[in-house]
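This is start20.cif (mmCIF, C-alpha atoms and all ligand atoms).
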```
data_coords
loop_
_atom_site.label_atom_id
_atom_site.label_comp_id
_atom_site.auth_asym_id
_atom_site.auth_seq_id
_atom_site.Cartn_x
_atom_site.Cartn_y
_atom_site.Cartn_z
CA MET N 1 14.35 -5.66 -9.55
CA ILE N 2 13.55 -8.28 -6.96
CA ILE N 3 9.89 -9.21 -7.46
CA ASN N 4 8.09 -10.91 -4.61
CA GLU N 5 4.96 -11.67 -6.62
CA ILE N 6 2.80 -10.55 -9.55
CA PHE N 7 -0.89 -11.43 -9.39
CA TYR N 8 -4.35 -10.37 -10.47
CA SER N 9 -7.07 -9.48 -7.98
CA LEU N 10 -9.37 -6.65 -6.92
CA GLN N 11 -7.87 -3.54 -5.40
CA GLY N 12 -8.85 -4.06 -1.77
CA GLU N 13 -8.25 -0.63 -0.28
CA GLY N 14 -8.65 3.06 -0.99
CA PHE N 15 -10.88 4.97 -3.37
CA LEU N 16 -10.30 2.36 -6.10
CA ALA N 17 -11.45 -0.55 -3.91
CA GLY N 18 -13.17 -3.17 -6.02
CA VAL N 19 -11.37 -2.32 -9.26
CA PRO N 20 -9.70 -5.34 -10.94
CA SER N 21 -5.95 -4.73 -10.89
CA VAL N 22 -2.62 -6.41 -11.53
CA PHE N 23 -0.38 -6.23 -8.47
CA VAL N 24 3.40 -6.01 -8.76
CA ARG N 25 4.92 -6.58 -5.33
CA LEU N 26 8.51 -5.43 -4.95
CA ALA N 27 10.69 -7.02 -2.29
CA GLY N 28 12.13 -5.07 0.63
CA CYS N 29 10.85 -2.78 3.39
CA PRO N 30 12.96 -1.16 6.13
CA LEU N 31 10.01 -0.82 8.53
CA ARG N 32 8.86 -3.71 10.68
CA CYS N 33 5.26 -2.83 11.49
CA LYS N 34 3.93 -5.25 14.07
CA TRP N 35 0.68 -5.92 12.20
CA CYS N 36 2.21 -5.98 8.69
CA ASP N 37 0.27 -8.39 6.47
CA THR N 38 3.11 -8.82 3.95
CA LYS N 39 6.00 -9.86 6.18
CA TYR N 40 7.01 -12.30 3.45
CA ALA N 41 8.12 -9.27 1.39
CA TRP N 42 10.29 -7.57 4.04
CA GLU N 43 13.67 -8.81 2.88
CA GLN N 44 15.38 -7.41 -0.21
CA THR N 45 16.04 -11.00 -1.23
CA SER N 46 12.43 -12.20 -0.85
CA GLY N 47 11.75 -12.82 -4.51
CA GLN N 48 13.18 -13.37 -7.95
CA ASP N 49 15.33 -11.02 -9.94
CA TYR N 50 13.37 -9.68 -12.95
CA SER N 51 14.50 -7.18 -15.54
CA ILE N 52 12.07 -4.31 -16.04
CA ALA N 53 11.29 -5.66 -19.50
CA LYS N 54 10.36 -9.00 -17.97
CA ILE N 55 8.09 -7.38 -15.36
CA VAL N 56 6.29 -5.34 -18.00
CA GLN N 57 5.99 -8.40 -20.18
CA ALA N 58 4.54 -10.38 -17.27
CA VAL N 59 1.93 -7.67 -16.67
CA LEU N 60 1.11 -7.07 -20.33
CA ARG N 61 1.09 -10.62 -21.52
CA LYS N 62 -1.98 -11.25 -19.44
CA SER N 63 -3.31 -7.73 -19.13
CA ALA N 64 -4.95 -7.31 -22.52
CA TRP N 65 -7.47 -4.61 -21.70
CA GLY N 66 -10.35 -4.74 -24.11
CA ARG N 67 -9.07 -7.78 -25.94
CA LEU N 68 -10.40 -10.66 -23.83
CA THR N 69 -11.70 -13.24 -26.27
CA ALA N 70 -13.83 -16.34 -25.94
CA GLU N 71 -10.91 -18.35 -27.37
CA SER N 72 -8.65 -17.51 -24.46
CA PRO N 73 -10.78 -17.50 -21.30
CA GLY N 74 -8.75 -17.25 -18.15
CA GLN N 75 -5.51 -16.55 -19.97
CA GLN N 76 -5.70 -12.81 -19.74
CA TRP N 77 -6.08 -10.26 -17.03
CA PRO N 78 -8.64 -7.86 -18.49
CA CYS N 79 -7.78 -4.66 -16.68
CA LYS N 80 -6.12 -1.30 -17.15
CA PHE N 81 -5.05 -0.87 -13.53
CA VAL N 82 -1.65 -1.76 -12.10
CA VAL N 83 -0.75 -1.45 -8.41
CA VAL N 84 2.94 -1.28 -7.57
CA THR N 85 3.26 -2.32 -3.96
CA GLY N 86 5.63 -3.98 -1.53
CA GLY N 87 7.44 -4.04 0.70
CA GLU N 88 8.17 -0.38 0.10
CA PRO N 89 8.36 0.48 -3.63
CA MET N 90 9.63 4.04 -3.09
CA ILE N 91 13.03 2.86 -1.91
CA ASN N 92 13.68 1.06 -5.18
CA SER N 93 15.91 3.02 -7.55
CA ASP N 94 14.45 1.24 -10.60
CA LEU N 95 10.88 2.32 -9.80
CA PRO N 96 10.87 5.39 -12.12
CA GLN N 97 11.72 3.30 -15.16
CA LEU N 98 9.26 0.56 -14.25
CA VAL N 99 6.29 2.92 -13.92
CA GLN N 100 7.34 4.87 -16.99
CA GLU N 101 7.24 1.70 -19.07
CA LEU N 102 3.92 0.58 -17.60
CA LYS N 103 2.51 4.05 -18.29
CA ALA N 104 3.75 3.85 -21.88
CA ALA N 105 1.62 0.71 -22.14
CA ASP N 106 -1.42 2.84 -21.18
CA LYS N 107 -1.81 1.50 -17.65
CA HIS N 108 -3.27 3.37 -14.69
CA ILE N 109 -0.57 3.27 -12.02
CA THR N 110 -1.14 3.27 -8.26
CA ILE N 111 1.91 3.23 -6.00
CA GLU N 112 1.30 1.95 -2.46
CA THR N 113 3.77 3.51 -0.03
CA ALA N 114 4.27 4.26 3.65
CA GLY N 115 5.47 7.71 2.56
CA ILE N 116 9.04 7.37 3.81
CA ALA N 117 10.86 8.37 0.62
CA PHE N 118 10.25 10.91 -2.13
CA ILE N 119 10.95 10.46 -5.83
CA PRO N 120 9.99 13.32 -8.18
CA ASP N 121 8.29 13.06 -11.57
CA LEU N 122 7.06 9.49 -11.34
CA ALA N 123 4.54 8.27 -13.89
CA CYS N 124 1.97 7.73 -11.16
CA ASP N 125 -1.78 8.29 -11.35
CA LEU N 126 -2.46 7.74 -7.66
CA MET N 127 0.04 7.92 -4.81
CA SER N 128 -1.58 5.80 -2.13
CA ILE N 129 0.13 6.84 1.09
CA SER N 130 -0.29 5.03 4.39
CA PRO N 131 1.68 6.94 7.03
CA LYS N 132 2.61 4.72 9.93
CA LEU N 133 1.48 5.75 13.41
CA SER N 134 2.87 4.63 16.77
CA ASN N 135 0.36 1.73 16.73
CA SER N 136 2.62 0.08 14.13
CA ALA N 137 5.68 -0.08 16.41
CA PRO N 138 7.15 -3.56 16.87
CA THR N 139 6.62 -5.01 20.33
CA ALA N 140 9.57 -5.64 22.60
CA GLU N 141 9.23 -9.39 22.91
CA ASP N 142 12.94 -9.86 23.37
CA ARG N 143 16.16 -7.85 23.43
CA SER N 144 16.76 -8.37 19.71
CA GLN N 145 13.59 -6.41 18.96
CA LYS N 146 14.90 -3.25 20.62
CA THR N 147 17.00 -2.25 17.63
CA GLU N 148 14.01 -2.80 15.33
CA ILE N 149 11.81 -0.64 17.56
CA ARG N 150 14.32 2.22 17.51
CA ARG N 151 14.83 1.92 13.76
CA GLN N 152 11.13 1.79 12.98
CA LYS N 153 10.44 4.81 15.19
CA PHE N 154 13.18 6.76 13.41
CA LEU N 155 12.07 5.83 9.89
CA ARG N 156 8.30 5.48 9.94
CA LEU N 157 7.16 9.12 9.80
CA ASP N 158 8.88 11.81 7.74
CA ILE N 159 6.62 14.85 7.58
CA ALA N 160 8.72 16.61 4.93
CA VAL N 161 8.49 13.58 2.64
CA LEU N 162 4.73 13.29 3.17
CA ARG N 163 4.32 16.95 2.30
CA GLU N 164 6.35 16.57 -0.89
CA LEU N 165 4.32 13.55 -1.93
CA ILE N 166 0.95 15.23 -1.49
CA ASP N 167 2.18 18.40 -3.20
CA SER N 168 3.50 16.44 -6.18
CA TYR N 169 0.94 13.71 -6.89
CA ASP N 170 -2.75 12.90 -6.89
CA TYR N 171 -2.96 11.10 -3.58
CA GLN N 172 -4.95 9.36 -0.91
CA LEU N 173 -3.87 9.17 2.72
CA LYS N 174 -4.86 5.93 4.46
CA PHE N 175 -4.40 5.84 8.23
CA VAL N 176 -4.49 2.44 9.92
CA VAL N 177 -6.70 2.67 13.03
CA ASP N 178 -6.21 0.17 15.81
CA SER N 179 -8.25 1.92 18.50
CA GLU N 180 -10.08 5.13 19.38
CA ASN N 181 -6.83 6.38 20.91
CA ASP N 182 -5.29 6.77 17.44
CA LEU N 183 -7.44 9.73 16.43
CA PRO N 184 -5.44 12.51 18.18
CA GLU N 185 -2.23 11.23 16.57
CA ILE N 186 -3.90 11.18 13.14
CA GLN N 187 -5.13 14.74 13.56
CA GLU N 188 -1.74 15.89 14.84
CA THR N 189 -0.02 14.25 11.86
CA LEU N 190 -2.41 15.94 9.41
CA GLU N 191 -1.77 19.32 11.06
CA LYS N 192 1.98 18.82 10.80
CA ILE N 193 1.77 17.90 7.11
CA GLY N 194 -0.53 20.86 6.40
CA ASN N 195 -2.47 21.56 3.21
CA VAL N 196 -4.10 18.11 3.22
CA ASP N 197 -7.43 17.87 1.44
CA SER N 198 -9.63 16.10 3.99
CA GLU N 199 -11.56 14.48 1.13
CA ASN N 200 -8.39 12.47 0.40
CA VAL N 201 -8.09 11.11 3.95
CA MET N 202 -9.28 7.61 4.79
CA LEU N 203 -9.43 5.64 8.02
CA MET N 204 -8.79 1.92 7.71
CA PRO N 205 -9.35 -0.71 10.41
CA GLN N 206 -6.19 -2.48 11.52
CA ALA N 207 -7.09 -6.05 10.66
CA VAL N 208 -5.13 -9.00 9.36
CA THR N 209 -8.05 -11.44 9.62
CA ARG N 210 -11.71 -11.26 8.65
CA ASP N 211 -12.78 -11.59 12.30
CA GLU N 212 -10.56 -8.68 13.30
CA LEU N 213 -11.93 -6.60 10.42
CA LEU N 214 -15.53 -7.21 11.42
CA THR N 215 -14.73 -6.44 15.06
CA LYS N 216 -13.02 -3.11 14.35
CA SER N 217 -15.04 -1.80 11.41
CA GLN N 218 -17.89 -0.37 13.48
CA MET N 219 -15.49 1.61 15.67
CA VAL N 220 -13.74 3.03 12.57
CA ALA N 221 -17.08 3.73 10.84
CA ASP N 222 -18.20 5.77 13.86
CA MET N 223 -14.89 7.63 13.81
CA CYS N 224 -15.41 8.43 10.11
CA LYS N 225 -18.87 9.84 10.79
CA ARG N 226 -17.45 12.08 13.53
CA THR N 227 -14.50 13.36 11.49
CA GLY N 228 -15.86 13.36 7.94
CA PHE N 229 -12.98 11.16 6.73
CA ALA N 230 -13.82 8.25 4.42
CA PHE N 231 -13.97 4.65 5.59
CA CYS N 232 -11.32 2.53 3.90
CA GLN N 233 -12.35 -1.02 3.14
CA ARG N 234 -10.01 -4.01 3.11
CA LEU N 235 -11.65 -6.26 0.54
CA GLN N 236 -8.69 -8.63 0.44
CA VAL N 237 -9.36 -9.40 4.12
CA LEU N 238 -13.15 -9.45 3.86
CA LEU N 239 -13.33 -11.64 0.76
CA TRP N 240 -10.26 -13.86 1.07
CA ASN N 241 -9.19 -13.52 4.70
CA ASN N 242 -5.88 -12.06 3.55
CA GLN N 243 -4.58 -15.08 1.70
CA ARG N 244 -1.39 -14.45 -0.21
CA GLY N 245 -1.99 -13.48 -3.84
CA THR N 246 -5.27 -11.68 -3.14
S1 LIG X 301 5.50 -0.22 5.78
FE1 LIG X 301 3.98 -1.64 4.93
S2 LIG X 301 5.21 -3.34 4.06
FE2 LIG X 301 6.56 -2.19 5.43
S3 LIG X 301 6.41 -3.27 7.41
FE3 LIG X 301 4.90 -1.57 7.45
S4 LIG X 301 2.96 -2.48 6.75
FE4 LIG X 301 4.64 -3.91 6.16
#
```
Kindly return the structure encoded in the file as structure tokens.
Amino acid sequence: MIINEIFYSLQGEGFLAGVPSVFVRLAGCPLRCKWCDTKYAWEQTSGQDYSIAKIVQAVLRKSAWGRLTAESPGQQWPCKFVVVTGGEPMINSDLPQLVQELKAADKHITIETAGIAFIPDLACDLMSISPKLSNSAPTAEDRSQKTEIRRQKFLRLDIAVLRELIDSYDYQLKFVVDSENDLPEIQETLEKIGNVDSENVMLMPQAVTRDELLTKSQMVADMCKRTGFAFCQRLQVLLWNNQRGT
């Protein structure tokens, strides 16, 4: 598998925000969201080729839950939680084996996905789905972007896949909110999916920088109070201003 990066931080988003976690970032995503904060992981070649055994070893070598000792401060990552992210992990055919082997090592597995592909029977404790709305569409800065815009529009929302994911896994649905105008599209998307537990729905400010996060959080908080959906933090932006490896 092509691995973009493996690092230790706090989960920044979702219902597990604040929980120390090891992140395994797979390379490659077919979408080109205009506000994507991991553009460095878009290309399938944006990383190093690791065997699954080497990935698991990299996670486990430092992830000795319950065995952090005074003799080895800083050499271990004392957590049970692993987040497989991207890019888009669900388009990787080796994902089932990777999560199966991490699960066999007694890890809690979150998969972060845009919800554009379905894989059954994954060893996954939390499917963290962030469906992409029209606010993610690339902007037409030049003619070369037009193909990307058409491709992104075609790929970004697959209602049948979203339905399969929520029917098959414990899940959270995180919608990125850029403005008040996004709410009707969110509600329409939820109606189309159907059978969504509103307690699993979160609204997350679209923000790549700390300033942007602070500016948009109040608007999203008000929207959460009106709708009853949960506010989704972005601790990696708030605490580290979205530096790579956080
Ligand atoms: S789906 Fe996620 S990783 Fe892919 S372009 Fe959009 S925000 Fe970036």
Pairwise distance for atom CA of Asn4 of chain N and atom CA of Arg25 of chain N, rounded to one decimal in Å: 5.4 Å
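For the pair atom CA of Asp158 of chain N and atom CA of Leu31 of chain N, the separation is 12.7 Å.
With distances taken over all atoms listed in the file, N:Ile3 is the one residue among N:Thr38, N:Met202, N:Glu212, N:Ile3 lying closest to Tyr50 of chain N.
Minimum distance to ligand LIG 301 (chain X) across N:Thr246, N:Gln48, N:Thr110, N:Thr85 (counting all atoms listed in the file) occurs at N:Thr85.
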Pick from N:Tyr40, N:Phe118, N:Phe154, N:Trp240 nearest to ligand LIG 301 (chain X), counting only C-alpha atoms and all ligand atoms: N:Tyr40
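Omitting segment 9-24 of chain N and its sequence neighbours fewer than 6 positions away, and counting all atoms listed in the file, the residues within 8 Å are Ile3, Val59, Ser63, Trp77, Cys79, Lys80, Phe81, Val82, Val83, Val84, Thr85, Gly86, Ser128, Gln172, Lys174, Met202, Cys232, Gln233, Arg234, Leu235, Gln236, Val237, Gly245 and Thr246 of chain N.
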Contacts with ligand LIG 301 (chain X) at most 10 Å, all atoms listed in the file counted, listed as a PyMOL selection string: chain N and resi 25-42+85-89+112-116+130-132+136-138+152+155-156+176
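Going from atom CA of Ile119 of chain N over to atom CA of Ser168 of chain N, you cover 9.6 Å.
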Polymer residues at most 9 Å from Asp94 of chain N, only C-alpha atoms, same-chain spacing of 5 or more positions, as a PyMOL selection string: chain N and resi 1+52+99
Polymer residues at most 10 Å from (-10.8, -4.4, 12.3) by all atoms listed in the file, as a PyMOL selection string: chain N and resi 176-179+204-220+233-234+237
Surrounding residues of Asp106 of chain N excluding itself and chain neighbours under 3 positions, 10 Å, all atoms listed in the file, as a list in words: Trp65, Lys80, Phe81, Gln100, Glu101, Leu102, Lys103 and Ile109 of chain N
Nearby residues, (-11.1, 7.2, 15.8) file frame, 9 Å, all atoms listed in the file, as a short mmCIF file (atom, residue, chain, number, x, y, z; two decimals) with C-alpha atoms, keeping the file's coordinate frame:
```cif
data_model
loop_
_atom_site.label_atom_id
_atom_site.label_comp_id
_atom_site.auth_asym_id
_atom_site.auth_seq_id
_atom_site.Cartn_x
_atom_site.Cartn_y
_atom_site.Cartn_z
CA VAL N 177 -6.70 2.67 13.03
CA ASP N 178 -6.21 0.17 15.81
CA SER N 179 -8.25 1.92 18.50
CA GLU N 180 -10.08 5.13 19.38
CA ASN N 181 -6.83 6.38 20.91
CA ASP N 182 -5.29 6.77 17.44
CA LEU N 183 -7.44 9.73 16.43
CA PRO N 184 -5.44 12.51 18.18
CA ILE N 186 -3.90 11.18 13.14
CA LEU N 203 -9.43 5.64 8.02
CA MET N 219 -15.49 1.61 15.67
CA VAL N 220 -13.74 3.03 12.57
CA ALA N 221 -17.08 3.73 10.84
CA ASP N 222 -18.20 5.77 13.86
CA MET N 223 -14.89 7.63 13.81
CA CYS N 224 -15.41 8.43 10.11
CA ARG N 226 -17.45 12.08 13.53
CA THR N 227 -14.50 13.36 11.49
#
```
Shell around Tyr171 of chain N at 6 Å using all atoms listed in the file, local window under 2 positions removed, as a PyMOL selection string: chain N and resi 126-128+169
Box in all listed atoms of segment 23-38 of chain N, axis-aligned, with 8 Å more on each side; write out centre and edge lengths in Å to one decimal as AutoDock Vina command-line options.
```
--center_x 6.3 --center_y -4.8 --center_z 2.7 --size_x 29.3 --size_y 24.0 --size_z 38.8
```
Neighbour list for Asn195 of chain N as a list in words, cut-off 9 Å, all atoms listed in the file, skip fewer than 3 positions in-chain: Arg163, Ile166, Asp167, Leu190 and Glu191 of chain N
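In this comparison, which uses all atoms listed in the file, the residue of N:Ala104, N:Gly228, N:Arg150, N:Asp49 approaching Glu199 of chain N most closely is N:Gly228.
Among the candidate residues N:Met90, N:Ala58, N:Leu165, N:Ala230, the one lying nearest to Gln76 of chain N is N:Ala58, with distances computed using all atoms listed in the file.
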Using the partial input, fill out segment 101-112 of chain N with all heavy atoms; write the result as a PDB file, in the frame of the given file.
```
ATOM      1  N   GLU N 101       7.511   2.684 -18.008  1.00  0.00           N
ATOM      2  CA  GLU N 101       7.240   1.700 -19.070  1.00  0.00           C
ATOM      3  C   GLU N 101       5.821   1.137 -18.961  1.00  0.00           C
ATOM      4  O   GLU N 101       5.169   0.866 -19.966  1.00  0.00           O
ATOM      5  CB  GLU N 101       8.306   0.609 -19.051  1.00  0.00           C
ATOM      6  CG  GLU N 101       9.663   1.208 -19.384  1.00  0.00           C
ATOM      7  CD  GLU N 101      10.708   0.208 -19.841  1.00  0.00           C
ATOM      8  OE1 GLU N 101      10.344  -0.929 -20.190  1.00  0.00           O
ATOM      9  OE2 GLU N 101      11.892   0.600 -19.842  1.00  0.00           O
ATOM     10  N   LEU N 102       5.321   1.008 -17.757  1.00  0.00           N
ATOM     11  CA  LEU N 102       3.920   0.580 -17.600  1.00  0.00           C
ATOM     12  C   LEU N 102       2.979   1.673 -18.100  1.00  0.00           C
ATOM     13  O   LEU N 102       1.942   1.397 -18.712  1.00  0.00           O
ATOM     14  CB  LEU N 102       3.629   0.251 -16.136  1.00  0.00           C
ATOM     15  CG  LEU N 102       4.281  -1.028 -15.603  1.00  0.00           C
ATOM     16  CD1 LEU N 102       4.156  -1.116 -14.075  1.00  0.00           C
ATOM     17  CD2 LEU N 102       3.664  -2.272 -16.246  1.00  0.00           C
ATOM     18  N   LYS N 103       3.345   2.922 -17.828  1.00  0.00           N
ATOM     19  CA  LYS N 103       2.510   4.050 -18.290  1.00  0.00           C
ATOM     20  C   LYS N 103       2.511   4.107 -19.820  1.00  0.00           C
ATOM     21  O   LYS N 103       1.481   4.386 -20.444  1.00  0.00           O
ATOM     22  CB  LYS N 103       3.059   5.354 -17.711  1.00  0.00           C
ATOM     23  CG  LYS N 103       2.103   6.510 -17.799  1.00  0.00           C
ATOM     24  CD  LYS N 103       0.941   6.293 -16.864  1.00  0.00           C
ATOM     25  CE  LYS N 103      -0.250   7.087 -17.309  1.00  0.00           C
ATOM     26  NZ  LYS N 103      -1.500   6.602 -16.748  1.00  0.00           N
ATOM     27  N   ALA N 104       3.666   3.838 -20.416  1.00  0.00           N
ATOM     28  CA  ALA N 104       3.750   3.850 -21.880  1.00  0.00           C
ATOM     29  C   ALA N 104       2.850   2.774 -22.476  1.00  0.00           C
ATOM     30  O   ALA N 104       2.439   2.877 -23.640  1.00  0.00           O
ATOM     31  CB  ALA N 104       5.203   3.624 -22.309  1.00  0.00           C
ATOM     32  N   ALA N 105       2.544   1.761 -21.678  1.00  0.00           N
ATOM     33  CA  ALA N 105       1.620   0.710 -22.140  1.00  0.00           C
ATOM     34  C   ALA N 105       0.179   1.053 -21.784  1.00  0.00           C
ATOM     35  O   ALA N 105      -0.701   0.182 -21.788  1.00  0.00           O
ATOM     36  CB  ALA N 105       2.015  -0.623 -21.509  1.00  0.00           C
ATOM     37  N   ASP N 106      -0.069   2.326 -21.415  1.00  0.00           N
ATOM     38  CA  ASP N 106      -1.420   2.840 -21.180  1.00  0.00           C
ATOM     39  C   ASP N 106      -2.066   2.262 -19.921  1.00  0.00           C
ATOM     40  O   ASP N 106      -3.280   2.050 -19.887  1.00  0.00           O
ATOM     41  CB  ASP N 106      -2.301   2.592 -22.410  1.00  0.00           C
ATOM     42  CG  ASP N 106      -3.542   3.467 -22.396  1.00  0.00           C
ATOM     43  OD1 ASP N 106      -3.484   4.570 -21.828  1.00  0.00           O
ATOM     44  OD2 ASP N 106      -4.588   3.042 -22.918  1.00  0.00           O
ATOM     45  N   LYS N 107      -1.254   1.982 -18.914  1.00  0.00           N
ATOM     46  CA  LYS N 107      -1.810   1.500 -17.650  1.00  0.00           C
ATOM     47  C   LYS N 107      -2.078   2.654 -16.687  1.00  0.00           C
ATOM     48  O   LYS N 107      -1.397   3.691 -16.720  1.00  0.00           O
ATOM     49  CB  LYS N 107      -0.832   0.505 -16.995  1.00  0.00           C
ATOM     50  CG  LYS N 107      -0.626  -0.762 -17.812  1.00  0.00           C
ATOM     51  CD  LYS N 107      -1.928  -1.480 -18.020  1.00  0.00           C
ATOM     52  CE  LYS N 107      -1.791  -2.670 -18.930  1.00  0.00           C
ATOM     53  NZ  LYS N 107      -3.088  -3.247 -19.317  1.00  0.00           N
ATOM     54  N   HIS N 108      -3.053   2.451 -15.817  1.00  0.00           N
ATOM     55  CA  HIS N 108      -3.270   3.370 -14.690  1.00  0.00           C
ATOM     56  C   HIS N 108      -2.414   2.851 -13.544  1.00  0.00           C
ATOM     57  O   HIS N 108      -2.533   1.687 -13.146  1.00  0.00           O
ATOM     58  CB  HIS N 108      -4.754   3.362 -14.291  1.00  0.00           C
ATOM     59  CG  HIS N 108      -5.056   4.238 -13.102  1.00  0.00           C
ATOM     60  ND1 HIS N 108      -4.728   3.874 -11.801  1.00  0.00           N
ATOM     61  CD2 HIS N 108      -5.652   5.452 -13.014  1.00  0.00           C
ATOM     62  CE1 HIS N 108      -5.118   4.827 -10.973  1.00  0.00           C
ATOM     63  NE2 HIS N 108      -5.675   5.796 -11.680  1.00  0.00           N
ATOM     64  N   ILE N 109      -1.556   3.726 -13.005  1.00  0.00           N
ATOM     65  CA  ILE N 109      -0.570   3.270 -12.020  1.00  0.00           C
ATOM     66  C   ILE N 109      -0.909   3.813 -10.629  1.00  0.00           C
ATOM     67  O   ILE N 109      -0.994   5.026 -10.423  1.00  0.00           O
ATOM     68  CB  ILE N 109       0.851   3.787 -12.353  1.00  0.00           C
ATOM     69  CG1 ILE N 109       1.199   3.560 -13.825  1.00  0.00           C
ATOM     70  CG2 ILE N 109       1.879   3.149 -11.405  1.00  0.00           C
ATOM     71  CD1 ILE N 109       1.430   2.165 -14.230  1.00  0.00           C
ATOM     72  N   THR N 110      -1.081   2.903  -9.686  1.00  0.00           N
ATOM     73  CA  THR N 110      -1.140   3.270  -8.260  1.00  0.00           C
ATOM     74  C   THR N 110       0.153   2.788  -7.606  1.00  0.00           C
ATOM     75  O   THR N 110       0.591   1.660  -7.852  1.00  0.00           O
ATOM     76  CB  THR N 110      -2.319   2.573  -7.548  1.00  0.00           C
ATOM     77  OG1 THR N 110      -3.545   2.984  -8.140  1.00  0.00           O
ATOM     78  CG2 THR N 110      -2.346   2.928  -6.064  1.00  0.00           C
ATOM     79  N   ILE N 111       0.754   3.654  -6.798  1.00  0.00           N
ATOM     80  CA  ILE N 111       1.910   3.230  -6.000  1.00  0.00           C
ATOM     81  C   ILE N 111       1.469   3.224  -4.536  1.00  0.00           C
ATOM     82  O   ILE N 111       0.968   4.235  -4.021  1.00  0.00           O
ATOM     83  CB  ILE N 111       3.108   4.180  -6.192  1.00  0.00           C
ATOM     84  CG1 ILE N 111       3.586   4.123  -7.648  1.00  0.00           C
ATOM     85  CG2 ILE N 111       4.247   3.821  -5.231  1.00  0.00           C
ATOM     86  CD1 ILE N 111       4.689   5.105  -7.990  1.00  0.00           C
ATOM     87  N   GLU N 112       1.631   2.079  -3.883  1.00  0.00           N
ATOM     88  CA  GLU N 112       1.300   1.950  -2.460  1.00  0.00           C
ATOM     89  C   GLU N 112       2.578   2.174  -1.649  1.00  0.00           C
ATOM     90  O   GLU N 112       3.566   1.448  -1.828  1.00  0.00           O
ATOM     91  CB  GLU N 112       0.748   0.544  -2.154  1.00  0.00           C
ATOM     92  CG  GLU N 112      -0.524   0.180  -2.896  1.00  0.00           C
ATOM     93  CD  GLU N 112      -1.787   0.732  -2.244  1.00  0.00           C
ATOM     94  OE1 GLU N 112      -1.686   1.354  -1.171  1.00  0.00           O
ATOM     95  OE2 GLU N 112      -2.869   0.542  -2.828  1.00  0.00           O
TER      96      GLU N 112
END
```
